[in-house]
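Before any comments, here is the structure.
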Amino acid sequence: MRALDLDYIPRPVAAKRAGLAILLLAVLVAAAMPALYVHYADQKQALQARHRQLERSQQYQAGHTTLSGAALQEAQSEIKRANEVILQLDLPWGPLFEAVEGSSHETVALLAIQPDAQKRMVSLAAEAKDMPSAVAYVKRLGREPILSDTHIINHQVQEQDPDKPLRFSVQAVWREKALGSAK
């Protein structure tokens, strides 16, 4: 006689599909990271070389001739833009990704990471099953050594989705001490 296999609590198919979709997205992002890293490292080197060239040019011109107001202003604005890009590329991405990954949970899906190099802040967009899951995620982020002042900026229930997940935005500040030790 064959044993009966009764399943009184069937697993939802939508959750499996969502899990597989998130897993696929994570694998694609992970596969793209080395290429992005190489691209941004090359771009950083090119910008640093251009920055050094502009500084040498500015020093030469300051020593030998005076630049017109418009040319000087243009050179200074180009140097400022180069410095901003270098600052953006020089962010401690590794520790930031480790902090975000270390805080992840199966009830929260990370949608976006947006750093602000000037303010040393990072904004995250995420989706959670419910508000307690979102709050728990933000608390876990706040315990990471590289992040401080972690808080939810806004949240909204996605009414059009049958599961009605909570989409929320988180903002955090990178700690300077953690940045110094991460570099």
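To be explicit about the labels: the chains of the structure tokens are called A, B, and onward in the order shown, and within each one the residues are counted from 1, while ligands get numbers from 1 in the order they are shown.
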
Using backbone DSSP assignments, extract all strand (DSSP E or B) residues from chain A; output them as a compact mmCIF listing (two decimals) with C-alpha atoms, in the first residue's frame.
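For reference, selection-v2.txt as written:
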```
# COMPACT_ATOMS: atom_id res chain seq x y z
CA VAL A 108 12.33 42.96 1.55
CA ALA A 109 13.44 43.47 -2.05
CA LEU A 110 16.00 46.18 -2.80
CA LEU A 111 15.02 48.13 -5.93
CA ALA A 112 17.66 50.88 -6.19
CA ILE A 113 20.75 52.40 -4.56
CA GLN A 114 21.55 56.04 -5.23
CA PRO A 115 24.60 57.63 -3.57
CA ASP A 116 25.23 61.35 -3.10
CA MET A 121 24.43 60.07 1.82
CA VAL A 122 22.81 57.08 0.18
CA SER A 123 19.17 56.61 -0.77
CA LEU A 124 17.64 53.16 -1.15
CA ALA A 125 14.36 52.19 -2.75
CA ALA A 126 12.87 48.92 -1.55
CA GLU A 127 9.68 46.92 -1.38
CA ALA A 128 8.51 44.96 1.66
CA LEU A 147 25.82 53.73 7.97
CA SER A 148 24.19 56.15 10.42
CA ASP A 149 21.01 58.23 10.63
CA THR A 150 19.10 55.53 8.76
CA HIS A 151 15.41 56.31 8.37
CA ILE A 152 12.40 55.84 6.10
CA ILE A 153 11.71 58.94 3.99
CA ASN A 154 8.42 57.85 2.45
CA HIS A 155 6.29 54.77 1.91
CA GLN A 156 3.30 53.77 -0.16
CA VAL A 157 1.18 50.63 -0.44
CA LEU A 166 4.81 48.41 0.69
CA ARG A 167 7.25 50.43 -1.44
CA PHE A 168 9.48 52.68 0.64
CA SER A 169 12.57 54.89 0.45
CA VAL A 170 15.38 54.87 3.00
CA GLN A 171 18.06 57.48 3.49
CA ALA A 172 21.32 56.97 5.39
CA VAL A 173 24.60 58.82 5.98
CA TRP A 174 27.99 57.21 5.47
```

Got a sec to tell me which of chain A DSSP assigns to alpha helix (DSSP H), as JSON, numbers by chain? {"A": [13, 14, 15, 16, 17, 18, 19, 20, 21, 22, 23, 24, 25, 26, 27, 28, 29, 30, 31, 32, 33, 34, 35, 36, 37, 38, 39, 40, 41, 42, 43, 44, 45, 46, 47, 48, 49, 50, 51, 52, 53, 54, 55, 56, 57, 58, 59, 60, 61, 62, 63, 64, 69, 70, 71, 72, 73, 74, 75, 76, 77, 78, 79, 80, 81, 82, 83, 84, 85, 86, 87, 88, 89, 93, 94, 95, 96, 97, 98, 99, 100, 101, 102, 131, 132, 133, 134, 135, 136, 137, 138, 139, 140, 141, 142, 176, 177, 178, 179, 180, 181, 182]}

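Straight-line separation from CA of Lys119 in chain A to CA of Pro132 in chain A: 28.9 Å.
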
Can you pull out every residue within 9 Å of Ala75 in chain A, counting only C-alpha atoms, but drop anything in the same chain fewer than 4 positions away, and send it as a PyMOL selection string? chain A and resi 54+58+70-71+79-80

Next, the residues of the selection above should be written as a compact mmCIF listing (two decimals), in the first residue's frame with N, CA and C atoms.
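After the write, again_27.txt holds the following:
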```txt
# COMPACT_ATOMS: atom_id res chain seq x y z
N LEU A 54 44.55 69.28 -16.95
CA LEU A 54 43.94 70.60 -16.77
C LEU A 54 44.67 71.43 -15.71
N GLN A 58 46.47 74.86 -16.41
CA GLN A 58 46.10 76.06 -15.65
C GLN A 58 47.33 76.67 -14.98
N ALA A 70 36.27 84.44 -19.37
CA ALA A 70 35.44 83.33 -19.81
C ALA A 70 36.24 82.03 -19.87
N ALA A 71 37.47 82.07 -20.37
CA ALA A 71 38.30 80.87 -20.47
C ALA A 71 38.67 80.35 -19.09
N ILE A 79 37.27 71.67 -14.20
CA ILE A 79 38.00 71.06 -13.08
C ILE A 79 37.02 70.66 -11.99
N LYS A 80 36.05 71.51 -11.73
CA LYS A 80 35.05 71.20 -10.70
C LYS A 80 34.24 69.96 -11.09
```

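Considering the residues A:Val100, A:Leu23, A:Leu89, A:Leu72 and counting only C-alpha atoms, Ser57 in chain A has its shortest atom-to-atom contact with A:Leu72.
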
Have a look at CA of Thr107 in chain A and CA of Leu6 in chain A and let me know their distance in Å, one decimal. 27.4 Å

To one decimal place in Å, what is the distance between CA of Glu78 in chain A and CA of Ala41 in chain A? 20.0 Å

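Minimum atom-to-atom distance to Asn83 in chain A, evaluated using only C-alpha atoms, belongs to A:Gln48 out of A:Gln48, A:Gln59, A:Gln43, A:Ser104.
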